[in-house]
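Asks: Handing you a structure now.
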There are 2 protein chains.
Amino acid sequence: MIVRDFNDLTGTDRVVSDAQWTSVRMLLADDGMGFSFHITFLEAGSEHTFHYKNHFESVYCMQGSGSITDLATGETHQIKPGVMYALDKHDKHTLRADEELVMACCFNPPVTGHEVHQADGSYAAPAEENA
Amino acid sequence: MIVRDFNDLTGTDRVVSDAQWTSVRMLLADDGMGFSFHITFLEAGSEHTFHYKNHFESVYCMQGSGSITDLATGETHQIKPGVMYALDKHDKHTLRADEELVMACCFNPPVTGHEVHQADGSYAAPAEENA
């Protein structure tokens with residue numbers, strides 16, 4: 001059994017930040033669960049375009065408010081506590097935080113922790129990591 | 001893209017209750033994500049012994065307080081907001097809610113929604129469902 005406290009991860013390499021977001025990786029690929037689990041913070045006023053071509057991701061809003069636009073359809077959905085979106089078609093999307101968003105995220109395949117967002121908003125597939 | 005609001009699922013078959021717990025299935029196997037995602041409530045004062053022999057599960061505490069005991073080692077860990085436990089060895093465990101616990105849970109393989117807890121505290125493996 002793995003037991004991990006979010007509050008103990010501050011200052012470790014499990015906390016990853018990029019422009020206007022921070023993600024705390026509670027579970028990564030090497031934990032062997034077959035998915036990764038992250039608590040992610042998106043700064044108030046920020047906007048992010050992501051396209052996880054190689055991963056499925058679900059995102060559950062625990063706190064804050066904002067919106068998500070599906071860039072394939074143009075449709076926009078409000079995000080508030082209790083709303084989840086799941087990128088079951090590797091959907092390219094833009095996420096906006098009106099207030100700071102705190103999200104619980106699951107990735108399949110699990111994120112290794114070594115990915116960087118590529119220019120197209122994706123993470124590389126696991127097999128491409130050392131390519 | 002799937003967008004689902006926790007608050008819209010009340011009264012649907014995505015809400016499952018058993019003795020002193022309720023689970024809202026935000027994602028199930030047929031959503032095709034390769035994991036399922038549930039928001040689970042455990043009543044204050046309740047105690048639960050589970051043994052997911054066929055599933056990995058991670059559980060992140062969003063609200064409440066309690067404890068978990070690993071029945072293989074006898075070790076007990078406090079549960080409070082920000083603490084996650086991951087059953088990476090299909091660990092048989094007892095979960096106690098001192099205050100009502102609200103947990104974000106991921107299962108791999110994904111729960112289909114048709115499982116029942118068996119006498120040994122497990123869910124059947126997907127392949128055994130119709131056996």
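Quick note on naming: the chains in the structure tokens go A, B, ... in the order shown, residues restart at 1 in each chain, and ligands are numbered from 1 in order of appearance.
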Within 6 Å of B:Ile68, counting only C-alpha atoms, which residues qualify if same-chain residues fewer than 4 places away don't, as an MDAnalysis selection string?
Replies: chainID B and resid 76:77 94:95
Asks: Applying 6 Å and only C-alpha atoms, which residues near B:Tyr85 remain after dropping the ones on its own chain fewer than 6 positions away? List them as a compact mmCIF listing (two decimals) with N, CA and C atoms, in the first residue's frame.
Replies:
```
# COMPACT_ATOMS: atom_id res chain seq x y z
N ILE A 2 0.57 2.14 -0.90
CA ILE A 2 1.26 3.43 -0.93
C ILE A 2 0.38 4.44 -0.19
N VAL A 3 0.95 5.18 0.73
CA VAL A 3 0.21 6.27 1.37
C VAL A 3 1.04 7.54 1.18
N SER B 58 -6.83 3.74 -6.34
CA SER B 58 -6.26 4.86 -5.58
C SER B 58 -7.40 5.70 -5.03
N VAL B 59 -7.19 6.23 -3.84
CA VAL B 59 -8.25 6.95 -3.12
C VAL B 59 -7.65 8.23 -2.53
```
Asks: Residues of chain B no more than 10 Å from chain A, counting only C-alpha atoms: send them over as an MDAnalysis selection string.
Replies: chainID B and resid 1:8 26:27 31:37 39 55:62 68:70 72:73 77:93 104:109
Asks: Over all C-alpha pairs taken in sequence order, what does chain A look like after a least-squares fit onto chain B? Please give it as a short mmCIF file (atom, residue, chain, number, x, y, z; two decimals) with N, CA, C and O atoms, in the first residue's frame.
Replies:
```cif
data_model
loop_
_atom_site.label_atom_id
_atom_site.label_comp_id
_atom_site.auth_asym_id
_atom_site.auth_seq_id
_atom_site.Cartn_x
_atom_site.Cartn_y
_atom_site.Cartn_z
N MET A 1 -15.43 14.31 -26.22
CA MET A 1 -15.25 14.76 -24.83
C MET A 1 -16.51 14.45 -24.04
O MET A 1 -17.61 14.73 -24.51
N ILE A 2 -16.31 13.84 -22.90
CA ILE A 2 -17.43 13.59 -21.98
C ILE A 2 -17.41 14.71 -20.94
O ILE A 2 -16.35 14.99 -20.37
N VAL A 3 -18.54 15.34 -20.70
CA VAL A 3 -18.64 16.31 -19.61
C VAL A 3 -19.80 15.86 -18.72
O VAL A 3 -20.90 15.62 -19.22
N ARG A 4 -19.53 15.69 -17.43
CA ARG A 4 -20.55 15.15 -16.54
C ARG A 4 -20.49 15.92 -15.22
O ARG A 4 -19.42 16.14 -14.68
N ASP A 5 -21.66 16.30 -14.73
CA ASP A 5 -21.73 17.05 -13.47
C ASP A 5 -22.22 16.10 -12.38
O ASP A 5 -23.31 15.53 -12.49
N PHE A 6 -21.41 15.97 -11.36
CA PHE A 6 -21.77 15.18 -10.18
C PHE A 6 -23.22 15.46 -9.76
O PHE A 6 -23.98 14.54 -9.44
N ASN A 7 -23.59 16.73 -9.78
CA ASN A 7 -24.92 17.12 -9.26
C ASN A 7 -26.07 16.64 -10.15
O ASN A 7 -27.21 16.59 -9.70
N ASP A 8 -25.75 16.30 -11.39
CA ASP A 8 -26.79 15.80 -12.30
C ASP A 8 -27.00 14.29 -12.17
O ASP A 8 -27.90 13.74 -12.79
N LEU A 9 -26.14 13.64 -11.41
CA LEU A 9 -26.20 12.17 -11.38
C LEU A 9 -27.12 11.64 -10.27
O LEU A 9 -27.45 10.45 -10.26
N THR A 10 -27.53 12.52 -9.38
CA THR A 10 -28.46 12.12 -8.30
C THR A 10 -29.68 11.43 -8.90
O THR A 10 -30.26 11.92 -9.87
N GLY A 11 -30.04 10.30 -8.34
CA GLY A 11 -31.24 9.60 -8.81
C GLY A 11 -31.02 8.74 -10.04
O GLY A 11 -31.96 8.14 -10.55
N THR A 12 -29.78 8.68 -10.53
CA THR A 12 -29.50 7.82 -11.69
C THR A 12 -28.83 6.53 -11.21
O THR A 12 -28.44 6.42 -10.04
N ASP A 13 -28.66 5.58 -12.13
CA ASP A 13 -28.03 4.32 -11.73
C ASP A 13 -26.52 4.45 -11.61
O ASP A 13 -25.83 3.46 -11.35
N ARG A 14 -26.01 5.66 -11.77
CA ARG A 14 -24.58 5.89 -11.51
C ARG A 14 -24.31 6.13 -10.02
O ARG A 14 -23.16 6.27 -9.62
N VAL A 15 -25.37 6.24 -9.22
CA VAL A 15 -25.20 6.39 -7.77
C VAL A 15 -25.52 5.04 -7.12
O VAL A 15 -26.62 4.52 -7.28
N VAL A 16 -24.52 4.49 -6.45
CA VAL A 16 -24.65 3.16 -5.86
C VAL A 16 -24.42 3.30 -4.36
O VAL A 16 -23.47 3.96 -3.94
N SER A 17 -25.31 2.69 -3.57
CA SER A 17 -25.15 2.74 -2.12
C SER A 17 -25.10 1.33 -1.57
O SER A 17 -25.71 0.42 -2.10
N ASP A 18 -24.35 1.20 -0.49
CA ASP A 18 -24.34 -0.04 0.26
C ASP A 18 -24.38 0.40 1.72
O ASP A 18 -24.61 1.57 2.01
N ALA A 19 -24.16 -0.53 2.62
CA ALA A 19 -24.21 -0.18 4.03
C ALA A 19 -23.23 0.96 4.33
O ALA A 19 -22.02 0.76 4.26
N GLN A 20 -23.72 2.12 4.59
CA GLN A 20 -22.94 3.26 5.08
C GLN A 20 -21.92 3.83 4.10
O GLN A 20 -20.99 4.51 4.50
N TRP A 21 -22.08 3.53 2.81
CA TRP A 21 -21.30 4.27 1.81
C TRP A 21 -22.13 4.48 0.56
O TRP A 21 -23.05 3.72 0.27
N THR A 22 -21.78 5.53 -0.14
CA THR A 22 -22.43 5.86 -1.42
C THR A 22 -21.33 6.24 -2.39
O THR A 22 -20.39 6.95 -2.04
N SER A 23 -21.46 5.74 -3.62
CA SER A 23 -20.43 6.02 -4.62
C SER A 23 -21.11 6.56 -5.88
O SER A 23 -22.08 5.99 -6.36
N VAL A 24 -20.59 7.66 -6.35
CA VAL A 24 -21.11 8.28 -7.58
C VAL A 24 -20.10 8.00 -8.67
O VAL A 24 -18.95 8.46 -8.60
N ARG A 25 -20.53 7.22 -9.66
CA ARG A 25 -19.62 6.78 -10.70
C ARG A 25 -19.57 7.81 -11.82
O ARG A 25 -20.44 7.86 -12.68
N MET A 26 -18.52 8.61 -11.79
CA MET A 26 -18.36 9.67 -12.79
C MET A 26 -17.93 9.07 -14.13
O MET A 26 -18.29 9.57 -15.19
N LEU A 27 -17.10 8.02 -14.07
CA LEU A 27 -16.65 7.29 -15.27
C LEU A 27 -16.71 5.81 -14.98
O LEU A 27 -16.25 5.37 -13.91
N LEU A 28 -17.23 5.04 -15.92
CA LEU A 28 -17.27 3.58 -15.81
C LEU A 28 -16.56 2.96 -17.02
O LEU A 28 -16.12 3.67 -17.93
N ALA A 29 -16.49 1.64 -17.01
CA ALA A 29 -15.75 0.94 -18.07
C ALA A 29 -16.22 1.33 -19.46
O ALA A 29 -15.40 1.53 -20.38
N ASP A 30 -17.54 1.49 -19.61
CA ASP A 30 -18.05 1.74 -20.97
C ASP A 30 -17.75 3.17 -21.46
O ASP A 30 -18.07 3.50 -22.61
N ASP A 31 -17.15 3.97 -20.63
CA ASP A 31 -16.69 5.28 -21.11
C ASP A 31 -15.37 5.18 -21.87
O ASP A 31 -14.94 6.16 -22.50
N GLY A 32 -14.73 4.03 -21.78
CA GLY A 32 -13.58 3.75 -22.64
C GLY A 32 -12.29 4.45 -22.26
O GLY A 32 -11.39 4.61 -23.10
N MET A 33 -12.17 4.87 -21.00
CA MET A 33 -10.96 5.58 -20.58
C MET A 33 -9.87 4.63 -20.07
O MET A 33 -8.74 5.05 -19.83
N GLY A 34 -10.24 3.38 -19.80
CA GLY A 34 -9.26 2.42 -19.27
C GLY A 34 -9.16 2.47 -17.76
O GLY A 34 -8.37 1.74 -17.16
N PHE A 35 -9.92 3.35 -17.13
CA PHE A 35 -10.03 3.39 -15.66
C PHE A 35 -11.42 3.90 -15.35
O PHE A 35 -12.12 4.43 -16.23
N SER A 36 -11.88 3.68 -14.12
CA SER A 36 -13.12 4.32 -13.70
C SER A 36 -12.81 5.33 -12.61
O SER A 36 -11.74 5.26 -11.96
N PHE A 37 -13.71 6.28 -12.44
CA PHE A 37 -13.48 7.38 -11.50
C PHE A 37 -14.77 7.62 -10.72
O PHE A 37 -15.83 7.81 -11.32
N HIS A 38 -14.66 7.57 -9.40
CA HIS A 38 -15.83 7.62 -8.53
C HIS A 38 -15.63 8.66 -7.43
O HIS A 38 -14.50 8.83 -6.95
N ILE A 39 -16.69 9.31 -7.03
CA ILE A 39 -16.68 10.11 -5.81
C ILE A 39 -17.45 9.32 -4.76
O ILE A 39 -18.63 9.00 -4.96
N THR A 40 -16.77 8.97 -3.69
CA THR A 40 -17.34 8.05 -2.70
C THR A 40 -17.44 8.71 -1.33
O THR A 40 -16.52 9.38 -0.89
N PHE A 41 -18.60 8.51 -0.69
CA PHE A 41 -18.89 9.06 0.63
C PHE A 41 -18.97 7.90 1.62
O PHE A 41 -19.69 6.93 1.37
N LEU A 42 -18.26 8.02 2.73
CA LEU A 42 -18.32 6.99 3.78
C LEU A 42 -18.87 7.67 5.03
O LEU A 42 -18.32 8.68 5.50
N GLU A 43 -19.93 7.12 5.56
CA GLU A 43 -20.63 7.76 6.69
C GLU A 43 -19.75 7.90 7.92
O GLU A 43 -18.98 6.99 8.24
N ALA A 44 -19.94 9.00 8.65
CA ALA A 44 -19.24 9.19 9.92
C ALA A 44 -19.53 8.01 10.83
O ALA A 44 -20.68 7.56 10.94
N GLY A 45 -18.48 7.49 11.44
CA GLY A 45 -18.65 6.37 12.37
C GLY A 45 -18.63 5.00 11.72
O GLY A 45 -18.71 3.99 12.43
N SER A 46 -18.52 4.95 10.40
CA SER A 46 -18.59 3.64 9.73
C SER A 46 -17.20 3.03 9.56
O SER A 46 -16.18 3.72 9.57
N GLU A 47 -17.19 1.72 9.38
CA GLU A 47 -15.95 0.96 9.19
C GLU A 47 -16.19 -0.05 8.07
O GLU A 47 -17.26 -0.67 8.02
N HIS A 48 -15.21 -0.19 7.19
CA HIS A 48 -15.39 -0.99 5.98
C HIS A 48 -14.14 -1.81 5.73
O HIS A 48 -13.04 -1.26 5.75
N THR A 49 -14.31 -3.08 5.46
CA THR A 49 -13.18 -3.92 5.07
C THR A 49 -13.36 -4.33 3.61
O THR A 49 -14.39 -4.90 3.25
N PHE A 50 -12.37 -3.95 2.80
CA PHE A 50 -12.43 -4.22 1.36
C PHE A 50 -11.15 -4.95 0.95
O PHE A 50 -10.09 -4.77 1.54
N HIS A 51 -11.29 -5.72 -0.08
CA HIS A 51 -10.14 -6.45 -0.61
C HIS A 51 -10.34 -6.60 -2.12
O HIS A 51 -10.97 -7.55 -2.57
N TYR A 52 -9.81 -5.62 -2.86
CA TYR A 52 -9.99 -5.63 -4.32
C TYR A 52 -8.91 -6.51 -4.95
O TYR A 52 -7.88 -6.03 -5.39
N LYS A 53 -9.21 -7.81 -4.99
CA LYS A 53 -8.22 -8.77 -5.48
C LYS A 53 -7.95 -8.60 -6.96
O LYS A 53 -6.92 -9.04 -7.47
N ASN A 54 -8.90 -8.00 -7.66
CA ASN A 54 -8.83 -7.94 -9.12
C ASN A 54 -8.66 -6.53 -9.66
O ASN A 54 -8.71 -6.32 -10.87
N HIS A 55 -8.52 -5.57 -8.77
CA HIS A 55 -8.43 -4.17 -9.19
C HIS A 55 -7.32 -3.48 -8.41
O HIS A 55 -7.10 -3.78 -7.24
N PHE A 56 -6.68 -2.51 -9.06
CA PHE A 56 -5.89 -1.52 -8.35
C PHE A 56 -6.82 -0.34 -8.07
O PHE A 56 -7.63 0.02 -8.92
N GLU A 57 -6.68 0.27 -6.91
CA GLU A 57 -7.51 1.44 -6.60
C GLU A 57 -6.65 2.49 -5.92
O GLU A 57 -5.87 2.17 -5.02
N SER A 58 -6.82 3.74 -6.34
CA SER A 58 -6.25 4.86 -5.58
C SER A 58 -7.40 5.68 -5.03
O SER A 58 -8.45 5.82 -5.66
N VAL A 59 -7.19 6.23 -3.84
CA VAL A 59 -8.24 6.93 -3.12
C VAL A 59 -7.65 8.22 -2.53
O VAL A 59 -6.71 8.15 -1.72
N TYR A 60 -8.17 9.35 -2.96
CA TYR A 60 -7.67 10.66 -2.51
C TYR A 60 -8.71 11.30 -1.61
O TYR A 60 -9.88 11.45 -2.02
N CYS A 61 -8.31 11.68 -0.42
CA CYS A 61 -9.27 12.28 0.52
C CYS A 61 -9.47 13.76 0.22
O CYS A 61 -8.52 14.55 0.28
N MET A 62 -10.72 14.12 -0.10
CA MET A 62 -11.06 15.52 -0.37
C MET A 62 -11.62 16.19 0.89
O MET A 62 -11.52 17.40 1.04
N GLN A 63 -12.22 15.38 1.76
CA GLN A 63 -12.92 15.96 2.91
C GLN A 63 -13.09 14.88 3.98
O GLN A 63 -13.27 13.71 3.66
N GLY A 64 -13.05 15.30 5.26
CA GLY A 64 -13.33 14.37 6.35
C GLY A 64 -12.07 13.87 7.03
O GLY A 64 -10.96 14.36 6.77
N SER A 65 -12.25 12.91 7.93
CA SER A 65 -11.09 12.33 8.60
C SER A 65 -11.39 10.90 9.01
O SER A 65 -12.55 10.52 9.22
N GLY A 66 -10.32 10.12 9.10
CA GLY A 66 -10.46 8.72 9.46
C GLY A 66 -9.11 8.04 9.45
O GLY A 66 -8.08 8.70 9.65
N SER A 67 -9.14 6.74 9.20
CA SER A 67 -7.88 6.00 9.16
C SER A 67 -8.04 4.76 8.29
O SER A 67 -9.16 4.32 8.00
N ILE A 68 -6.89 4.26 7.86
CA ILE A 68 -6.88 3.00 7.09
C ILE A 68 -5.86 2.07 7.73
O ILE A 68 -4.76 2.50 8.10
N THR A 69 -6.25 0.82 7.86
CA THR A 69 -5.33 -0.20 8.37
C THR A 69 -5.05 -1.21 7.27
O THR A 69 -5.98 -1.74 6.65
N ASP A 70 -3.77 -1.43 7.02
CA ASP A 70 -3.31 -2.47 6.10
C ASP A 70 -3.37 -3.78 6.87
O ASP A 70 -2.63 -3.97 7.83
N LEU A 71 -4.25 -4.68 6.49
CA LEU A 71 -4.47 -5.88 7.29
C LEU A 71 -3.33 -6.89 7.15
O LEU A 71 -3.23 -7.81 7.96
N ALA A 72 -2.46 -6.70 6.16
CA ALA A 72 -1.29 -7.58 6.03
C ALA A 72 -0.22 -7.21 7.04
O ALA A 72 0.47 -8.08 7.60
N THR A 73 -0.06 -5.91 7.30
CA THR A 73 1.03 -5.45 8.18
C THR A 73 0.53 -4.97 9.54
O THR A 73 1.32 -4.81 10.47
N GLY A 74 -0.76 -4.67 9.62
CA GLY A 74 -1.32 -4.13 10.86
C GLY A 74 -1.12 -2.62 11.00
O GLY A 74 -1.59 -2.00 11.95
N GLU A 75 -0.42 -2.03 10.02
CA GLU A 75 -0.09 -0.60 10.08
C GLU A 75 -1.33 0.26 9.81
O GLU A 75 -2.11 -0.04 8.90
N THR A 76 -1.49 1.32 10.60
CA THR A 76 -2.63 2.23 10.44
C THR A 76 -2.12 3.62 10.05
O THR A 76 -1.13 4.10 10.61
N HIS A 77 -2.78 4.22 9.07
CA HIS A 77 -2.42 5.56 8.58
C HIS A 77 -3.61 6.48 8.76
O HIS A 77 -4.75 6.08 8.50
N GLN A 78 -3.33 7.71 9.17
CA GLN A 78 -4.41 8.69 9.30
C GLN A 78 -4.84 9.16 7.91
O GLN A 78 -4.02 9.31 7.01
N ILE A 79 -6.14 9.39 7.76
CA ILE A 79 -6.70 9.91 6.52
C ILE A 79 -7.27 11.30 6.80
O ILE A 79 -8.04 11.48 7.75
N LYS A 80 -6.85 12.26 6.01
CA LYS A 80 -7.37 13.64 6.11
C LYS A 80 -7.25 14.25 4.73
O LYS A 80 -6.61 13.66 3.83
N PRO A 81 -7.82 15.42 4.49
CA PRO A 81 -7.75 15.99 3.14
C PRO A 81 -6.30 16.11 2.66
O PRO A 81 -5.43 16.57 3.40
N GLY A 82 -6.08 15.63 1.44
CA GLY A 82 -4.73 15.65 0.85
C GLY A 82 -4.02 14.32 0.94
O GLY A 82 -3.03 14.11 0.25
N VAL A 83 -4.51 13.41 1.77
CA VAL A 83 -3.87 12.09 1.87
C VAL A 83 -4.47 11.15 0.82
O VAL A 83 -5.69 11.10 0.65
N MET A 84 -3.61 10.45 0.12
CA MET A 84 -4.03 9.44 -0.85
C MET A 84 -3.47 8.09 -0.44
O MET A 84 -2.32 8.01 0.01
N TYR A 85 -4.27 7.07 -0.58
CA TYR A 85 -3.70 5.72 -0.50
C TYR A 85 -3.95 5.00 -1.81
O TYR A 85 -4.93 5.28 -2.50
N ALA A 86 -3.02 4.13 -2.16
CA ALA A 86 -3.10 3.40 -3.41
C ALA A 86 -2.86 1.93 -3.10
O ALA A 86 -1.84 1.57 -2.48
N LEU A 87 -3.80 1.11 -3.50
CA LEU A 87 -3.76 -0.32 -3.21
C LEU A 87 -3.02 -1.01 -4.36
O LEU A 87 -3.62 -1.59 -5.25
N ASP A 88 -1.70 -0.87 -4.33
CA ASP A 88 -0.87 -1.35 -5.44
C ASP A 88 -0.57 -2.84 -5.31
O ASP A 88 -0.01 -3.44 -6.23
N LYS A 89 -0.91 -3.42 -4.17
CA LYS A 89 -0.70 -4.86 -3.98
C LYS A 89 -2.02 -5.54 -3.66
O LYS A 89 -2.06 -6.56 -2.99
N HIS A 90 -3.12 -4.94 -4.18
CA HIS A 90 -4.46 -5.48 -3.90
C HIS A 90 -4.65 -5.65 -2.39
O HIS A 90 -5.25 -6.62 -1.93
N ASP A 91 -4.13 -4.69 -1.63
CA ASP A 91 -4.05 -4.80 -0.18
C ASP A 91 -5.44 -4.89 0.46
O ASP A 91 -6.28 -4.00 0.28
N LYS A 92 -5.63 -5.89 1.26
CA LYS A 92 -6.84 -5.99 2.08
C LYS A 92 -6.73 -4.95 3.20
O LYS A 92 -5.67 -4.82 3.82
N HIS A 93 -7.79 -4.21 3.42
CA HIS A 93 -7.68 -3.06 4.32
C HIS A 93 -9.00 -2.77 5.02
O HIS A 93 -10.07 -3.15 4.52
N THR A 94 -8.90 -2.10 6.13
CA THR A 94 -10.09 -1.59 6.83
C THR A 94 -10.01 -0.08 6.87
O THR A 94 -9.00 0.50 7.28
N LEU A 95 -11.08 0.54 6.40
CA LEU A 95 -11.18 1.99 6.34
C LEU A 95 -12.20 2.44 7.38
O LEU A 95 -13.29 1.87 7.45
N ARG A 96 -11.81 3.42 8.18
CA ARG A 96 -12.73 3.96 9.20
C ARG A 96 -12.95 5.44 8.94
O ARG A 96 -11.98 6.17 8.69
N ALA A 97 -14.20 5.85 9.00
CA ALA A 97 -14.54 7.27 8.87
C ALA A 97 -14.86 7.82 10.26
O ALA A 97 -15.85 7.41 10.87
N ASP A 98 -14.01 8.71 10.77
CA ASP A 98 -14.33 9.37 12.05
C ASP A 98 -15.35 10.47 11.75
O ASP A 98 -16.39 10.55 12.39
N GLU A 99 -15.02 11.32 10.79
CA GLU A 99 -16.01 12.24 10.19
C GLU A 99 -16.34 11.66 8.81
O GLU A 99 -15.56 10.88 8.26
N GLU A 100 -17.44 12.10 8.22
CA GLU A 100 -17.76 11.62 6.87
C GLU A 100 -16.57 11.86 5.96
O GLU A 100 -16.02 12.97 5.91
N LEU A 101 -16.18 10.83 5.23
CA LEU A 101 -15.08 10.94 4.26
C LEU A 101 -15.66 11.13 2.86
O LEU A 101 -16.61 10.44 2.48
N VAL A 102 -15.06 12.05 2.12
CA VAL A 102 -15.40 12.23 0.71
C VAL A 102 -14.12 11.97 -0.08
O VAL A 102 -13.11 12.67 0.11
N MET A 103 -14.16 10.94 -0.93
CA MET A 103 -12.95 10.43 -1.56
C MET A 103 -13.10 10.40 -3.08
O MET A 103 -14.17 10.07 -3.60
N ALA A 104 -12.02 10.72 -3.77
CA ALA A 104 -11.96 10.59 -5.24
C ALA A 104 -11.18 9.31 -5.54
O ALA A 104 -10.01 9.19 -5.15
N CYS A 105 -11.84 8.36 -6.21
CA CYS A 105 -11.30 7.01 -6.37
C CYS A 105 -11.11 6.67 -7.85
O CYS A 105 -12.00 6.91 -8.66
N CYS A 106 -9.97 6.07 -8.17
CA CYS A 106 -9.72 5.55 -9.52
C CYS A 106 -9.51 4.05 -9.44
O CYS A 106 -8.75 3.58 -8.58
N PHE A 107 -10.15 3.32 -10.34
CA PHE A 107 -10.00 1.87 -10.41
C PHE A 107 -9.42 1.46 -11.76
O PHE A 107 -9.85 1.94 -12.81
N ASN A 108 -8.47 0.52 -11.72
CA ASN A 108 -7.92 -0.12 -12.90
C ASN A 108 -7.89 -1.61 -12.64
O ASN A 108 -7.22 -2.02 -11.69
N PRO A 109 -8.52 -2.48 -13.42
CA PRO A 109 -9.37 -2.12 -14.56
C PRO A 109 -10.60 -1.34 -14.10
O PRO A 109 -10.96 -1.37 -12.92
N PRO A 110 -11.22 -0.64 -15.04
CA PRO A 110 -12.39 0.16 -14.67
C PRO A 110 -13.54 -0.71 -14.17
O PRO A 110 -13.77 -1.81 -14.68
N VAL A 111 -14.23 -0.20 -13.19
CA VAL A 111 -15.45 -0.83 -12.69
C VAL A 111 -16.53 -0.69 -13.78
O VAL A 111 -16.61 0.35 -14.45
N THR A 112 -17.29 -1.76 -13.97
CA THR A 112 -18.35 -1.71 -15.01
C THR A 112 -19.63 -1.08 -14.48
O THR A 112 -20.47 -0.63 -15.25
N GLY A 113 -19.79 -1.10 -13.16
CA GLY A 113 -21.03 -0.62 -12.56
C GLY A 113 -21.96 -1.75 -12.16
O GLY A 113 -22.96 -1.53 -11.48
N HIS A 114 -21.60 -2.97 -12.57
CA HIS A 114 -22.47 -4.11 -12.27
C HIS A 114 -21.91 -4.99 -11.15
O HIS A 114 -22.54 -5.96 -10.75
N GLU A 115 -20.72 -4.64 -10.65
CA GLU A 115 -20.13 -5.44 -9.59
C GLU A 115 -20.92 -5.29 -8.29
O GLU A 115 -21.52 -4.26 -8.03
N VAL A 116 -20.85 -6.32 -7.48
CA VAL A 116 -21.26 -6.19 -6.08
C VAL A 116 -20.07 -6.61 -5.24
O VAL A 116 -19.22 -7.39 -5.68
N HIS A 117 -19.99 -6.06 -4.02
CA HIS A 117 -18.94 -6.52 -3.12
C HIS A 117 -19.23 -7.96 -2.74
O HIS A 117 -20.32 -8.28 -2.27
N GLN A 118 -18.25 -8.81 -2.96
CA GLN A 118 -18.40 -10.22 -2.62
C GLN A 118 -18.12 -10.40 -1.12
O GLN A 118 -17.69 -9.45 -0.44
N ALA A 119 -18.37 -11.59 -0.63
CA ALA A 119 -18.22 -11.85 0.80
C ALA A 119 -16.81 -11.55 1.29
O ALA A 119 -16.59 -11.16 2.43
N ASP A 120 -15.82 -11.69 0.39
CA ASP A 120 -14.43 -11.46 0.79
C ASP A 120 -14.00 -10.00 0.63
O ASP A 120 -12.84 -9.68 0.77
N GLY A 121 -14.96 -9.10 0.32
CA GLY A 121 -14.65 -7.68 0.21
C GLY A 121 -14.12 -7.28 -1.15
O GLY A 121 -13.73 -6.14 -1.35
N SER A 122 -14.10 -8.20 -2.11
CA SER A 122 -13.58 -7.89 -3.44
C SER A 122 -14.71 -7.58 -4.41
O SER A 122 -15.90 -7.82 -4.13
N TYR A 123 -14.34 -7.05 -5.56
CA TYR A 123 -15.19 -7.04 -6.73
C TYR A 123 -14.67 -8.16 -7.64
O TYR A 123 -13.46 -8.39 -7.71
N ALA A 124 -15.58 -8.84 -8.34
CA ALA A 124 -15.13 -9.85 -9.29
C ALA A 124 -14.31 -9.18 -10.39
O ALA A 124 -14.52 -7.99 -10.70
N ALA A 125 -13.41 -9.95 -10.99
CA ALA A 125 -12.66 -9.45 -12.15
C ALA A 125 -13.64 -9.30 -13.32
O ALA A 125 -14.66 -9.99 -13.37
N PRO A 126 -13.35 -8.40 -14.25
CA PRO A 126 -14.27 -8.20 -15.37
C PRO A 126 -14.66 -9.50 -16.06
O PRO A 126 -15.83 -9.72 -16.35
N ALA A 127 -13.71 -10.39 -16.27
CA ALA A 127 -13.98 -11.62 -17.01
C ALA A 127 -14.91 -12.55 -16.26
O ALA A 127 -15.55 -13.41 -16.84
N GLU A 128 -14.99 -12.38 -14.95
CA GLU A 128 -15.81 -13.29 -14.14
C GLU A 128 -17.26 -12.81 -14.04
O GLU A 128 -18.10 -13.50 -13.50
N GLU A 129 -17.51 -11.64 -14.57
CA GLU A 129 -18.81 -11.02 -14.31
C GLU A 129 -19.98 -11.88 -14.72
O GLU A 129 -21.00 -11.90 -14.05
N ASN A 130 -19.86 -12.53 -15.86
CA ASN A 130 -20.99 -13.31 -16.34
C ASN A 130 -20.79 -14.80 -16.09
O ASN A 130 -21.48 -15.63 -16.65
N ALA A 131 -19.78 -15.10 -15.27
CA ALA A 131 -19.49 -16.52 -15.00
C ALA A 131 -20.57 -17.10 -14.09
O ALA A 131 -21.27 -16.38 -13.41
#
```
Asks: What are the DSSP strand (DSSP E) residues of chain B, as a PyMOL selection string?
Replies: chain B and resi 2-5+15-18+21-27+36-42+47-50+56-63+66-70+76-79+83-87+93-97+101-108
Asks: Can you pull out every residue from stretch 25-129 of chain B that DSSP, working from the backbone, puts in helix (DSSP H, G or I), and format the result as number ranges by chain?
Replies: B: 29-31, 126-128
